[in-house]
Structure formats: structure tokens, C-alpha cells
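A.B. asks: Handing over query_7.cif, mmCIF, C-alpha atoms (C1' of nucleotides).
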data_model
loop_
_atom_site.label_atom_id
_atom_site.label_comp_id
_atom_site.auth_asym_id
_atom_site.auth_seq_id
_atom_site.Cartn_x
_atom_site.Cartn_y
_atom_site.Cartn_z
CA MET G 1 0.00 0.00 0.00
CA ALA G 2 2.73 2.49 0.98
CA THR G 3 3.59 4.23 -2.28
CA THR G 4 7.14 4.82 -1.05
CA GLU G 5 7.78 1.06 -0.79
CA ILE G 6 10.50 -0.25 -3.12
CA LEU G 7 9.31 -2.53 -5.90
CA THR G 8 10.98 -5.90 -5.34
CA ALA G 9 10.68 -9.18 -7.23
CA GLU G 10 9.22 -10.75 -4.10
CA ARG G 11 6.51 -8.09 -3.85
CA ILE G 12 5.65 -8.59 -7.52
CA LEU G 13 5.35 -12.34 -6.94
CA GLU G 14 3.00 -11.85 -3.98
CA VAL G 15 0.71 -9.55 -5.90
CA THR G 16 0.87 -11.67 -9.06
CA GLU G 17 -0.19 -14.73 -7.08
CA GLU G 18 -3.16 -12.79 -5.76
CA VAL G 19 -4.09 -11.51 -9.23
CA LEU G 20 -3.83 -15.03 -10.66
CA ARG G 21 -5.96 -16.36 -7.84
CA ARG G 22 -8.67 -13.81 -8.66
CA HIS G 23 -8.60 -13.68 -12.46
CA GLY G 24 -7.13 -17.07 -13.40
CA PRO G 25 -4.31 -17.71 -15.86
CA ALA G 26 -6.40 -16.98 -18.96
CA LYS G 27 -7.45 -13.46 -17.95
CA ALA G 28 -4.63 -12.21 -15.70
CA THR G 29 -2.47 -9.73 -17.60
CA VAL G 30 0.79 -8.03 -16.79
CA VAL G 31 -1.15 -4.77 -16.88
CA ASP G 32 -3.47 -6.13 -14.16
CA VAL G 33 -0.48 -6.98 -12.01
CA ALA G 34 1.06 -3.55 -12.53
CA ARG G 35 -2.24 -1.87 -11.69
CA ALA G 36 -2.53 -3.91 -8.47
CA LEU G 37 1.00 -2.83 -7.60
CA GLY G 38 0.32 0.81 -8.45
CA VAL G 39 3.12 0.95 -11.01
CA SER G 40 3.36 0.90 -14.80
CA HIS G 41 3.70 -2.46 -16.52
CA GLY G 42 7.14 -1.44 -17.76
CA SER G 43 8.37 -1.69 -14.17
CA VAL G 44 7.27 -5.29 -13.91
CA TYR G 45 9.31 -6.08 -17.03
CA ARG G 46 12.32 -4.63 -15.23
CA HIS G 47 12.16 -7.63 -12.85
CA PHE G 48 10.83 -10.37 -15.15
CA ARG G 49 11.87 -10.62 -18.77
CA THR G 50 8.57 -12.05 -19.98
CA LYS G 51 5.09 -12.85 -18.78
CA ALA G 52 5.96 -16.57 -18.99
CA ALA G 53 8.94 -16.02 -16.67
CA LEU G 54 6.69 -14.25 -14.15
CA ARG G 55 4.11 -17.01 -14.31
CA GLU G 56 6.82 -19.61 -13.87
CA ALA G 57 8.33 -17.81 -10.87
CA VAL G 58 4.94 -17.64 -9.16
CA THR G 59 4.33 -21.32 -9.80
CA LYS G 60 7.79 -22.19 -8.52
CA ARG G 61 7.10 -20.39 -5.23
CA TRP G 62 3.79 -22.18 -4.97
CA LEU G 63 5.28 -25.63 -5.71
CA ASP G 64 8.19 -25.06 -3.34
CA ARG G 65 5.74 -24.67 -0.47
CA THR G 66 4.58 -28.25 -1.11
CA SER G 67 8.11 -29.59 -1.41
CA ALA G 68 8.98 -28.04 1.96
CA VAL G 69 6.10 -29.80 3.75
CA LEU G 70 7.07 -33.15 2.22
CA ASP G 71 10.70 -32.66 3.09
CA ASP G 72 9.74 -32.71 6.78
CA ILE G 73 8.44 -36.26 6.33
CA VAL G 74 11.64 -37.36 4.62
CA ALA G 75 13.68 -35.98 7.52
CA GLN G 76 11.73 -37.84 10.18
CA ASP G 77 13.45 -40.60 12.14
CA ARG G 78 10.93 -43.39 11.61
CA ASP G 79 10.86 -46.63 9.71
CA PRO G 80 11.11 -46.10 5.97
CA GLU G 81 7.86 -47.83 5.03
CA ALA G 82 5.82 -45.59 7.33
CA ARG G 83 7.60 -42.53 5.97
CA LEU G 84 7.01 -43.67 2.38
CA ARG G 85 3.32 -44.21 3.00
CA ASP G 86 3.02 -40.87 4.78
CA TRP G 87 4.92 -39.10 2.06
CA LEU G 88 2.73 -40.49 -0.72
CA ALA G 89 -0.44 -39.72 1.24
CA ALA G 90 0.78 -36.19 2.00
CA LEU G 91 1.58 -35.59 -1.67
CA PHE G 92 -1.87 -36.76 -2.71
CA THR G 93 -3.55 -34.64 -0.03
CA ALA G 94 -1.50 -31.56 -0.88
CA LYS G 95 -2.19 -31.79 -4.62
CA ARG G 96 -5.85 -32.45 -4.07
CA ARG G 97 -6.17 -29.54 -1.69
CA LYS G 98 -4.40 -27.20 -4.08
CA ALA G 99 -6.65 -28.28 -6.95
CA GLY G 100 -9.73 -27.73 -4.79
CA ASP G 101 -8.79 -24.58 -2.87
CA ASP G 102 -6.80 -22.71 -5.50
CA PRO G 103 -8.38 -23.74 -8.79
CA GLU G 104 -7.04 -20.71 -10.62
CA LEU G 105 -3.46 -21.17 -9.45
CA PHE G 106 -3.77 -24.86 -10.16
CA ALA G 107 -4.89 -24.02 -13.69
CA THR G 108 -1.78 -21.84 -14.01
CA TYR G 109 0.29 -24.81 -12.91
CA MET G 110 -1.38 -26.98 -15.56
CA VAL G 111 -0.67 -24.38 -18.25
CA LEU G 112 2.95 -24.50 -17.20
CA THR G 113 2.99 -28.31 -17.25
CA GLY G 114 1.70 -28.16 -20.84
CA GLU G 115 4.41 -25.65 -21.78
CA SER G 116 6.88 -28.05 -20.10
CA GLY G 117 8.27 -25.11 -18.14
CA GLU G 118 11.45 -25.59 -16.21
CA ALA G 119 9.83 -25.03 -12.81
CA VAL G 120 7.64 -28.11 -13.15
CA GLY G 121 10.58 -30.29 -14.16
CA GLU G 122 12.54 -29.05 -11.16
CA HIS G 123 9.61 -29.70 -8.86
CA ILE G 124 9.37 -33.30 -10.10
CA ASP G 125 13.12 -33.72 -9.70
CA ALA G 126 12.88 -32.40 -6.14
CA LEU G 127 10.07 -34.81 -5.31
CA THR G 128 11.76 -37.87 -6.81
CA GLY G 129 14.89 -36.79 -4.97
CA GLN G 130 12.98 -36.91 -1.70
CA LEU G 131 11.59 -40.33 -2.61
CA THR G 132 15.09 -41.53 -3.45
CA ALA G 133 16.22 -40.52 0.05
CA ILE G 134 13.42 -42.55 1.63
CA VAL G 135 14.10 -45.58 -0.59
CA ARG G 136 17.82 -45.39 0.12
CA SER G 137 17.28 -45.27 3.87
CA GLY G 138 15.02 -48.31 3.53
CA VAL G 139 17.67 -50.17 1.58
CA ASP G 140 20.25 -49.25 4.22
CA SER G 141 18.04 -50.54 7.04
CA GLY G 142 17.35 -53.73 5.11
CA ALA G 143 13.61 -53.03 4.86
CA PHE G 144 13.60 -52.37 1.10
CA ALA G 145 15.18 -54.08 -1.88
CA ALA G 146 16.18 -51.77 -4.72
CA ALA G 147 19.13 -52.19 -7.08
CA ASP G 148 19.11 -48.49 -7.97
CA PRO G 149 17.19 -46.31 -5.48
CA ALA G 150 16.86 -43.44 -7.95
CA VAL G 151 15.29 -45.66 -10.61
CA THR G 152 12.99 -47.27 -8.06
CA ALA G 153 12.00 -43.87 -6.68
CA ARG G 154 11.04 -42.72 -10.17
CA ALA G 155 9.01 -45.91 -10.65
CA LEU G 156 7.21 -45.28 -7.35
CA PHE G 157 6.48 -41.72 -8.41
CA GLN G 158 5.17 -42.78 -11.80
CA ALA G 159 3.14 -45.70 -10.46
CA THR G 160 1.29 -43.20 -8.25
CA ASP G 161 0.92 -40.64 -11.07
CA ARG G 162 -2.82 -40.88 -10.95
CA PHE G 163 -2.77 -39.39 -7.47
CA HIS G 164 -0.54 -36.40 -8.07
CA ASP G 165 -0.36 -35.62 -11.78
CA PRO G 166 -2.54 -32.58 -12.55
CA CYS G 167 -3.98 -34.23 -15.66
CA HIS G 168 -5.87 -36.55 -13.31
CA ALA G 169 -7.15 -33.74 -11.06
CA ARG G 170 -10.79 -34.22 -12.07
CA GLU G 171 -10.75 -37.78 -10.75
CA TRP G 172 -9.54 -36.75 -7.29
CA GLU G 173 -13.02 -35.88 -6.09
CA GLN G 174 -14.70 -39.08 -7.23
CA PRO G 175 -15.95 -41.48 -4.56
CA GLY G 176 -13.75 -44.51 -4.00
CA ILE G 177 -10.57 -42.65 -4.85
CA GLU G 178 -9.21 -43.20 -1.32
CA GLY G 179 -9.61 -46.95 -1.65
CA GLU G 180 -7.92 -46.91 -5.06
CA PHE G 181 -5.05 -44.92 -3.60
CA GLU G 182 -4.63 -47.44 -0.77
CA ALA G 183 -4.65 -50.35 -3.23
CA VAL G 184 -1.97 -48.82 -5.44
CA VAL G 185 0.20 -47.85 -2.46
CA ASP G 186 -0.12 -51.34 -0.97
CA LEU G 187 0.90 -52.85 -4.28
CA VAL G 188 4.01 -50.74 -4.78
CA VAL G 189 5.09 -50.93 -1.13
CA ARG G 190 4.86 -54.72 -1.29
CA GLY G 191 6.98 -54.59 -4.43
CA LEU G 192 9.59 -52.59 -2.58
CA ARG G 193 10.00 -54.84 0.46
CA ALA G 194 13.14 -56.90 0.79
CA MET N 195 -19.98 -46.89 -54.13
CA ALA N 196 -22.94 -48.92 -55.41
CA THR N 197 -25.86 -46.56 -55.03
CA THR N 198 -28.21 -49.50 -54.60
CA GLU N 199 -26.40 -50.64 -51.45
CA ILE N 200 -28.49 -50.55 -48.28
CA LEU N 201 -27.42 -47.99 -45.69
CA THR N 202 -26.46 -49.93 -42.55
CA ALA N 203 -25.10 -48.74 -39.21
CA GLU N 204 -21.93 -50.68 -39.92
CA ARG N 205 -21.41 -48.94 -43.26
CA ILE N 206 -21.92 -45.56 -41.58
CA LEU N 207 -19.34 -46.48 -38.94
CA GLU N 208 -16.77 -47.48 -41.56
CA VAL N 209 -17.19 -44.24 -43.47
CA THR N 210 -17.31 -42.12 -40.33
CA GLU N 211 -14.04 -43.62 -39.16
CA GLU N 212 -12.48 -42.71 -42.48
CA VAL N 213 -13.88 -39.17 -42.34
CA LEU N 214 -12.63 -38.74 -38.78
CA ARG N 215 -9.22 -40.01 -39.79
CA ARG N 216 -9.06 -37.42 -42.55
CA HIS N 217 -10.66 -34.37 -40.98
CA GLY N 218 -10.12 -34.97 -37.26
CA PRO N 219 -12.75 -34.69 -34.52
CA ALA N 220 -12.88 -30.90 -34.59
CA LYS N 221 -13.74 -30.56 -38.29
CA ALA N 222 -15.60 -33.77 -39.18
CA THR N 223 -19.31 -33.02 -39.45
CA VAL N 224 -22.33 -35.25 -39.89
CA VAL N 225 -22.86 -33.56 -43.25
CA ASP N 226 -19.36 -34.65 -44.29
CA VAL N 227 -20.17 -38.22 -43.35
CA ALA N 228 -23.45 -38.11 -45.24
CA ARG N 229 -21.72 -36.64 -48.30
CA ALA N 230 -19.08 -39.41 -48.19
CA LEU N 231 -21.91 -41.96 -48.03
CA GLY N 232 -23.81 -40.28 -50.84
CA VAL N 233 -26.93 -39.79 -48.70
CA SER N 234 -28.56 -36.87 -46.91
CA HIS N 235 -27.55 -36.23 -43.31
CA GLY N 236 -31.07 -37.01 -42.20
CA SER N 237 -30.43 -40.65 -43.08
CA VAL N 238 -27.46 -40.79 -40.74
CA TYR N 239 -29.69 -39.54 -37.92
CA ARG N 240 -32.00 -42.46 -38.64
CA HIS N 241 -29.25 -44.80 -37.35
CA PHE N 242 -27.60 -42.62 -34.69
CA ARG N 243 -29.62 -40.31 -32.50
CA THR N 244 -26.87 -37.68 -32.13
CA LYS N 245 -23.45 -36.84 -33.44
CA ALA N 246 -22.04 -37.77 -30.02
CA ALA N 247 -23.61 -41.23 -30.26
CA LEU N 248 -22.02 -41.72 -33.69
CA ARG N 249 -18.64 -40.58 -32.44
CA GLU N 250 -18.95 -42.90 -29.46
CA ALA N 251 -19.90 -45.87 -31.64
CA VAL N 252 -16.88 -45.31 -33.87
CA THR N 253 -14.60 -45.06 -30.87
CA LYS N 254 -16.09 -48.20 -29.35
CA ARG N 255 -15.36 -50.16 -32.53
CA TRP N 256 -11.85 -48.81 -32.51
CA LEU N 257 -11.27 -49.63 -28.83
CA ASP N 258 -12.77 -53.09 -29.18
CA ARG N 259 -10.13 -53.96 -31.72
CA THR N 260 -7.49 -53.38 -29.01
CA SER N 261 -9.40 -55.38 -26.42
CA ALA N 262 -9.60 -58.32 -28.81
CA VAL N 263 -5.83 -58.44 -29.31
CA LEU N 264 -5.22 -58.32 -25.56
CA ASP N 265 -7.80 -60.98 -24.92
CA ASP N 266 -5.65 -63.44 -26.88
CA ILE N 267 -2.88 -62.94 -24.33
CA VAL N 268 -5.26 -63.52 -21.44
CA ALA N 269 -6.39 -66.80 -23.02
CA GLN N 270 -2.87 -68.17 -23.45
CA ASP N 271 -1.81 -71.18 -21.41
CA ARG N 272 1.39 -69.80 -19.92
CA ASP N 273 2.54 -68.76 -16.49
CA PRO N 274 0.60 -65.78 -15.16
CA GLU N 275 3.56 -63.51 -14.61
CA ALA N 276 4.66 -63.84 -18.24
CA ARG N 277 1.11 -63.22 -19.41
CA LEU N 278 0.80 -60.18 -17.14
CA ARG N 279 4.04 -58.68 -18.44
CA ASP N 280 3.07 -59.40 -22.03
CA TRP N 281 -0.38 -57.97 -21.52
CA LEU N 282 0.92 -54.71 -20.03
CA ALA N 283 3.55 -54.39 -22.75
CA ALA N 284 0.96 -55.10 -25.46
CA LEU N 285 -1.38 -52.48 -24.01
CA PHE N 286 1.38 -49.88 -23.96
CA THR N 287 2.45 -50.75 -27.51
CA ALA N 288 -1.11 -50.70 -28.82
CA LYS N 289 -1.93 -47.33 -27.28
CA ARG N 290 1.31 -45.83 -28.40
CA ARG N 291 0.84 -47.05 -31.92
CA LYS N 292 -2.71 -45.75 -32.08
CA ALA N 293 -1.58 -42.34 -30.84
CA GLY N 294 1.19 -42.24 -33.43
CA ASP N 295 -0.52 -43.81 -36.45
CA ASP N 296 -4.06 -42.51 -36.04
CA PRO N 297 -3.62 -39.13 -34.38
CA GLU N 298 -7.04 -37.89 -35.49
CA LEU N 299 -8.91 -40.94 -34.21
CA PHE N 300 -6.85 -40.79 -31.05
CA ALA N 301 -7.90 -37.17 -30.62
CA THR N 302 -11.52 -38.30 -31.00
CA TYR N 303 -10.90 -40.84 -28.28
CA MET N 304 -9.48 -38.12 -26.02
CA VAL N 305 -12.50 -35.90 -26.64
CA LEU N 306 -14.67 -38.81 -25.59
CA THR N 307 -12.56 -39.43 -22.49
CA GLY N 308 -13.11 -35.80 -21.53
CA GLU N 309 -16.87 -36.15 -22.05
CA SER N 310 -16.64 -39.30 -19.90
CA GLY N 311 -18.58 -41.16 -22.57
CA GLU N 312 -19.84 -44.62 -21.77
CA ALA N 313 -17.68 -46.36 -24.38
CA VAL N 314 -14.48 -45.35 -22.62
CA GLY N 315 -15.78 -46.58 -19.26
CA GLU N 316 -16.74 -49.89 -20.83
CA HIS N 317 -13.35 -50.19 -22.45
CA ILE N 318 -11.62 -49.67 -19.12
CA ASP N 319 -13.95 -52.18 -17.47
CA ALA N 320 -13.15 -54.69 -20.21
CA LEU N 321 -9.42 -54.18 -19.73
CA THR N 322 -9.51 -54.45 -15.93
CA GLY N 323 -11.69 -57.53 -16.39
CA GLN N 324 -8.95 -59.10 -18.48
CA LEU N 325 -6.37 -58.16 -15.86
CA THR N 326 -8.56 -59.66 -13.16
CA ALA N 327 -8.60 -62.96 -15.06
CA ILE N 328 -4.80 -63.00 -15.22
CA VAL N 329 -4.45 -62.11 -11.53
CA ARG N 330 -6.99 -64.73 -10.54
CA SER N 331 -5.21 -67.46 -12.49
CA GLY N 332 -1.98 -66.41 -10.78
CA VAL N 333 -3.62 -66.63 -7.38
CA ASP N 334 -4.99 -70.07 -8.26
CA SER N 335 -1.60 -71.33 -9.34
CA GLY N 336 -0.01 -69.91 -6.19
CA ALA N 337 2.22 -67.49 -8.10
CA PHE N 338 0.41 -64.34 -6.99
CA ALA N 339 -0.94 -63.11 -3.67
CA ALA N 340 -4.09 -60.98 -3.89
CA ALA N 341 -6.92 -60.80 -1.36
CA ASP N 342 -9.33 -59.44 -3.97
CA PRO N 343 -8.18 -60.00 -7.59
CA ALA N 344 -10.53 -57.33 -8.94
CA VAL N 345 -9.16 -54.67 -6.58
CA THR N 346 -5.59 -55.72 -7.30
CA ALA N 347 -6.25 -55.70 -11.04
CA ARG N 348 -7.57 -52.16 -10.81
CA ALA N 349 -4.49 -51.14 -8.82
CA LEU N 350 -2.24 -52.70 -11.49
CA PHE N 351 -4.13 -50.84 -14.18
CA GLN N 352 -3.90 -47.52 -12.35
CA ALA N 353 -0.25 -47.96 -11.37
CA THR N 354 0.56 -48.27 -15.08
CA ASP N 355 -1.72 -45.35 -16.06
CA ARG N 356 1.20 -43.39 -17.38
CA PHE N 357 1.68 -45.97 -20.10
CA HIS N 358 -1.85 -46.23 -21.39
CA ASP N 359 -3.90 -43.20 -20.31
CA PRO N 360 -4.31 -40.84 -23.28
CA CYS N 361 -3.55 -37.79 -21.13
CA HIS N 362 0.07 -39.02 -21.04
CA ALA N 363 0.27 -39.64 -24.79
CA ARG N 364 2.79 -36.85 -25.36
CA GLU N 365 5.29 -38.55 -23.05
CA TRP N 366 5.18 -41.84 -24.95
CA GLU N 367 7.69 -40.71 -27.54
CA GLN N 368 10.28 -39.38 -25.13
CA PRO N 369 13.58 -41.24 -24.81
CA GLY N 370 13.90 -43.44 -21.75
CA ILE N 371 10.21 -44.25 -21.67
CA GLU N 372 10.90 -47.96 -22.24
CA GLY N 373 13.17 -48.09 -19.22
CA GLU N 374 10.59 -46.29 -17.09
CA PHE N 375 7.96 -48.75 -18.22
CA GLU N 376 10.17 -51.69 -17.26
CA ALA N 377 10.87 -50.20 -13.83
CA VAL N 378 7.19 -49.67 -13.04
CA VAL N 379 6.22 -53.13 -14.29
CA ASP N 380 9.00 -54.75 -12.26
CA LEU N 381 7.83 -52.90 -9.18
CA VAL N 382 4.18 -53.89 -9.45
CA VAL N 383 4.92 -57.48 -10.50
CA ARG N 384 7.15 -57.87 -7.42
CA GLY N 385 4.32 -56.49 -5.34
CA LEU N 386 2.03 -59.14 -6.74
CA ARG N 387 4.17 -62.20 -6.12
CA ALA N 388 3.17 -64.58 -3.37
"C1'" DC D 389 21.81 8.36 -12.76
"C1'" DA D 390 18.84 4.47 -11.06
"C1'" DG D 391 14.46 3.51 -11.41
"C1'" DC D 392 10.22 4.43 -13.43
"C1'" DT D 393 6.95 5.94 -17.09
"C1'" DG D 394 4.06 5.76 -21.03
"C1'" DA D 395 3.90 5.77 -26.15
"C1'" DC D 396 4.57 2.50 -29.54
"C1'" DA D 397 4.78 -1.79 -32.91
"C1'" DG D 398 3.59 -6.25 -33.47
"C1'" DA D 399 1.12 -10.16 -31.47
"C1'" DT D 400 -2.97 -11.89 -29.35
"C1'" DA D 401 -7.66 -11.80 -27.80
"C1'" DT D 402 -12.48 -10.22 -28.14
"C1'" DT D 403 -16.61 -9.35 -30.47
"C1'" DG D 404 -20.57 -9.57 -33.24
"C1'" DA D 405 -22.40 -10.58 -37.76
"C1'" DA D 406 -22.57 -14.15 -41.18
"C1'" DA D 407 -22.02 -18.92 -42.29
"C1'" DT D 408 -22.37 -23.57 -41.06
"C1'" DC D 409 -23.93 -27.31 -38.39
"C1'" DT D 410 -27.14 -30.25 -35.55
"C1'" DG D 411 -31.25 -32.43 -34.92
"C1'" DT D 412 -36.39 -32.60 -36.40
"C1'" DC D 413 -40.02 -33.72 -39.24
"C1'" DA D 414 -43.57 -33.37 -42.91
"C1'" DG D 415 -43.74 -35.21 -47.07
"C1'" DC D 416 -41.69 -37.67 -51.19
"C1'" DT D 417 -40.33 -42.02 -53.57
"C1'" DG D 418 -39.79 -46.70 -55.07
"C1'" DC L 419 -45.16 -48.04 -46.08
"C1'" DA L 420 -40.13 -48.26 -44.93
"C1'" DG L 421 -36.62 -45.60 -45.88
"C1'" DC L 422 -34.90 -41.36 -47.55
"C1'" DT L 423 -34.96 -36.29 -48.48
"C1'" DG L 424 -34.33 -31.52 -47.73
"C1'" DA L 425 -36.19 -27.27 -45.57
"C1'" DC L 426 -36.09 -25.42 -41.16
"C1'" DA L 427 -35.11 -23.46 -36.17
"C1'" DG L 428 -31.88 -23.01 -32.87
"C1'" DA L 429 -27.05 -23.83 -31.59
"C1'" DT L 430 -22.40 -23.49 -32.80
"C1'" DT L 431 -18.50 -22.04 -35.53
"C1'" DT L 432 -15.99 -18.92 -38.52
"C1'" DC L 433 -14.10 -14.68 -39.79
"C1'" DA L 434 -12.67 -10.13 -39.95
"C1'" DA L 435 -12.71 -5.81 -37.68
"C1'" DT L 436 -11.60 -3.92 -33.32
"C1'" DA L 437 -9.62 -3.75 -28.89
"C1'" DT L 438 -6.29 -5.23 -25.69
"C1'" DC L 439 -1.95 -7.03 -24.45
"C1'" DT L 440 3.15 -7.94 -24.57
"C1'" DG L 441 7.61 -6.38 -24.68
"C1'" DT L 442 10.77 -2.30 -25.95
"C1'" DC L 443 12.84 1.92 -25.24
"C1'" DA L 444 13.66 6.97 -25.32
"C1'" DG L 445 13.15 10.13 -22.09
"C1'" DC L 446 11.35 11.89 -17.50
"C1'" DT L 447 11.86 12.39 -12.44
"C1'" DG L 448 13.52 12.63 -7.77
#
I need this file expressed as C-alpha cells, please.
C.D. replies:
Amino acid sequence: MATTEILTAERILEVTEEVLRRHGPAKATVVDVARALGVSHGSVYRHFRTKAALREAVTKRWLDRTSAVLDDIVAQDRDPEARLRDWLAALFTAKRRKAGDDPELFATYMVLTGESGEAVGEHIDALTGQLTAIVRSGVDSGAFAAADPAVTARALFQATDRFHDPCHAREWEQPGIEGEFEAVVDLVVRGLRA
Amino acid sequence: MATTEILTAERILEVTEEVLRRHGPAKATVVDVARALGVSHGSVYRHFRTKAALREAVTKRWLDRTSAVLDDIVAQDRDPEARLRDWLAALFTAKRRKAGDDPELFATYMVLTGESGEAVGEHIDALTGQLTAIVRSGVDSGAFAAADPAVTARALFQATDRFHDPCHAREWEQPGIEGEFEAVVDLVVRGLRA
DNA sequence: CAGCTGACAGATATTGAAATCTGTCAGCTG
DNA sequence: CAGCTGACAGATTTCAATATCTGTCAGCTG
């Protein structure tokens, strides 16, 4: 609000997220963002080269908040199978909540997925990295069998695609989805045991 | 070509499939189909109540051809694990080939998936039915462990979603996809063993 | 002079009028 | 009279004119 405040990238991201939340990815313009900030749109371009870069930066911030929550589960000192199950359930819950609570931001995320933006790739790499850490700790403790933890982690991630990939978002509200999730998790966890 | 030929539903389906293949789902009209048949479009409506019904019937025919091929694998007299692996690989290959060779018909199929048309649901039910048969024979022979073969079959189907769900079609041509497929199949097959 | 503005060119989106399509049905035809 | 036709109303799509947006940059301002 204070007109004397310095225009920072962070402030632009905050306001852009709010504008996207209100207008959605199809209607939110750089001019809208500038207006909400009380500056000219040229100033926004001083901090972000293109509209796509701005959209990607907002999405990155948004995705990073999920990664941070999941990272807490990875860091816990519990048996790997419990952590794996918790992690997968937390990912499903987080994605489902985002799709339901922030439909406009979620739509932005889906646009970005379609554009195969870098932020989405990095997010997936971060998540499979977390899974790799859990798998590796299970292999170390003798609970899991996996020749290559990174490959197995990717397989786990892909086998549960239906419960975190945005292209399946519509199915997340259908009845019975919880049971289907449990069945898939049981199957892959069994496949992971030593 | 013979103008004396009787107009049957089957003949309409053949021609519609050809028209869809040429024009794609967005541009193919009922009038186009009628023109290709050499009749008025009113005659087409005599056999199919709506354009959506026609589109669905064509897709059903197209999907049934895949189901038939897979059914041969189910009926084989080999060990269940080999049949399961073959079946999953055949499904992936068939879907990938359809997406590559018949992009317009595949697009029609995706439109239908979005509309959640009945034909797609039936196709999925048919496929999980086939999987259930394989799982059940594995349970009978003592090779597999599954409390409820139908639930497990559905989990197998969903865990391999990435390799047969049309919303992932774009990823099917990327390098490394074969390895990812193998990793997921290995994981779920291990999870199924007694 | 660092940071911002606002006019501008080209690209993209919106709009509304015209064209086409879907689905119906009274009547034609063999 | 069973099966087909083609005119029709309402819905949808196309298209071109118009408006808006993106990204740049010369110059203003504090």
C-alpha cells in the first residue's frame, strides 16, 4: 500500500499470485499486475523478462511450499515404510487440496505443465529426490530391496501418477478414490519390500 | 460406391471412421459423413440419435479392436507372470501405436474421455476384467498373492496409467520411456508375487 | 543516474455478424 | 409403407474488424 515502498521481485510475486488467484491464468495480464502494484507495466518487465517467466516464478514459489512440507516427512526418524506411505499420502492430499482450494493457481500450474516449463521439471526432480532418500534409507536398514534407489524412486512416483499428476485432477473428487489410492500404495510398497 | 447398397449402421461407422481419420474430430461433421456416403444427413440420424452417439460408436469399434488383441494374451496357457508382463507391454504398444498412427482418431478418443462417454468406461472395465482374469489365475496357481483379484487388477491398471492413459500420450515418444515402463512393471509385479 | 513511465509496434484476444452445423419432421419415392 | 430427403429453427463455428496485451525503449523524475 505504501507508495514509497520499493518494488521488489518478491513483492511482484506476492501480488501476481493474488491476481492469478482472482482472475485465473487466462485473464490475468501483466497490466493487471502492474495496476494492483500501483506501477506501470514497464516496471514489472524490469524484474521479469517475460510474462511466462513471471508465471513460472509464481508457480515455482507455490510448488516449493509443497516440497517443503514433504521434506519434513523425509527428515523424520521413523521406519522407511511408514515414511514412504506418509509421504505419498501427503503428496496426494497436498495436490488435491491445491486443486480444490486454489483452482485458478492450479490451472496456471497446468498451463505451465503443458508448456513443459522448467519449474515443473525441477519440482518433479525435487520430489523424486525426496523419494530416493526414503528408498535409500530403507535399503540401508534392510527393509527395502532396490538395485538403484533413484530408478525405483522414479518408478514409485510414476506408479502413483494418478494421485498427483494434474492431468488426473478431475478424478480426485470421485468417490472410492481413497480406496484406489490405498490399493496402489499397498501394491508398490509390497513390491519394494526386501 | 454402389448406389443400390443398403445404408447400414456398420457402413456408416466405416465411413465415419475414415472421415474422422481425414478431418479430425474438430472438423468432421455429420454432413461430411453423409456426403461421403452419398446420402442426406437425415439418413445418418435415422441410425444414430446424435453426433455424439455416432462418435462414441466409432470409438467403441476402434477400442474393441485393441481389447480383442489383448484378450488373446489372457487366453494363453502360460505362467501368469509372463502373461501379465506381455499384456501390459501389449497395451502400452497398442496405445502408443494408435496415438502415433491414427492421431485424429486418437484425438476423437481423447474428446470422448473428456466427455466421460460410456464407451471409454466400458473399455476400461473390459481391460480391468482381463487383468482380473490373469491375476486370478496367478492366485490359483499360487504365483500371486491378492486378497481381492478385482481390486488388485484395478491397482495394477492404475499404477501403469502413465503408459496407457491418453492424457500421457505426449510422453510416450520421449527417450527413456521404455526403461521407465520396465521399472514400473518390475515394481508392481514384485508387489504381486506370493 | 537508477528507477520508473508511457507511447509504440507487433502479437494476441475479443466481439458480433454471417455462415455452417445439428437435430427434427412433414412429405416424397420406389 | 419403410426408408430417404431436404427445408427449417436453434445452436455453434468462422471470420474479420476492433480492442487489448506484450515487450521495448527513449526520455522523464527525484
A.B. asks: Check every residue of chain N for an atom within 8 Å of chain L, counting all atoms listed in the file, and provide those that qualify as a list in words.
C.D. replies: Ser234, Gly236 and Ser237 of chain N
A.B. asks: What does the distance from CA of Ala143 in chain G to CA of Arg193 in chain G come to in Å, to one decimal?
C.D. replies: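 Rounded to one decimal, the two atoms are 6.0 Å apart.
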A.B. asks: List, as number ranges by chain, every residue that the PyMOL selection byres ((chain G and resi 93-109) around 8) selects in the file provided.
C.D. replies: G: 17, 20-25, 55, 59, 66, 89-92, 110-113, 164, 166, 169, 172
A.B. asks: When the PyMOL selection byres ((chain D) within 8 of (chain G)) is applied to the structure above, which residues does it catch, written out as an NGL selection string?
C.D. replies: :D and (392-394)
A.B. asks: Filtering to C-alpha atoms (C1' of nucleotides), could you give me those residues as a PDB file, in the frame of the given file?
C.D. replies:
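As written to disk, part.pdb reads:
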ATOM      1  C1'  DC D 392      10.220   4.430 -13.430  1.00  0.00           C
ATOM      2  C1'  DT D 393       6.950   5.940 -17.090  1.00  0.00           C
ATOM      3  C1'  DG D 394       4.060   5.760 -21.030  1.00  0.00           C
TER       4       DG D 394
END
A.B. asks: Using the chain letters and residue numbers of this document, give as a short mmCIF file (atom, residue, chain, number, x, y, z; two decimals) with C-alpha atoms, keeping the file's coordinate frame the residues selected by the PyMOL selection byres ((chain G) within 8 of (chain N)).
C.D. replies:
data_model
loop_
_atom_site.label_atom_id
_atom_site.label_comp_id
_atom_site.auth_asym_id
_atom_site.auth_seq_id
_atom_site.Cartn_x
_atom_site.Cartn_y
_atom_site.Cartn_z
CA VAL G 151 15.29 -45.66 -10.61
CA THR G 152 12.99 -47.27 -8.06
CA ARG G 154 11.04 -42.72 -10.17
CA ALA G 155 9.01 -45.91 -10.65
CA LEU G 156 7.21 -45.28 -7.35
CA GLN G 158 5.17 -42.78 -11.80
CA ALA G 159 3.14 -45.70 -10.46
CA THR G 160 1.29 -43.20 -8.25
CA ASP G 161 0.92 -40.64 -11.07
CA ARG G 162 -2.82 -40.88 -10.95
CA CYS G 167 -3.98 -34.23 -15.66
CA GLU G 180 -7.92 -46.91 -5.06
CA ALA G 183 -4.65 -50.35 -3.23
CA VAL G 184 -1.97 -48.82 -5.44
CA LEU G 187 0.90 -52.85 -4.28
CA VAL G 188 4.01 -50.74 -4.78
CA VAL G 189 5.09 -50.93 -1.13
CA ARG G 190 4.86 -54.72 -1.29
CA GLY G 191 6.98 -54.59 -4.43
CA LEU G 192 9.59 -52.59 -2.58
#
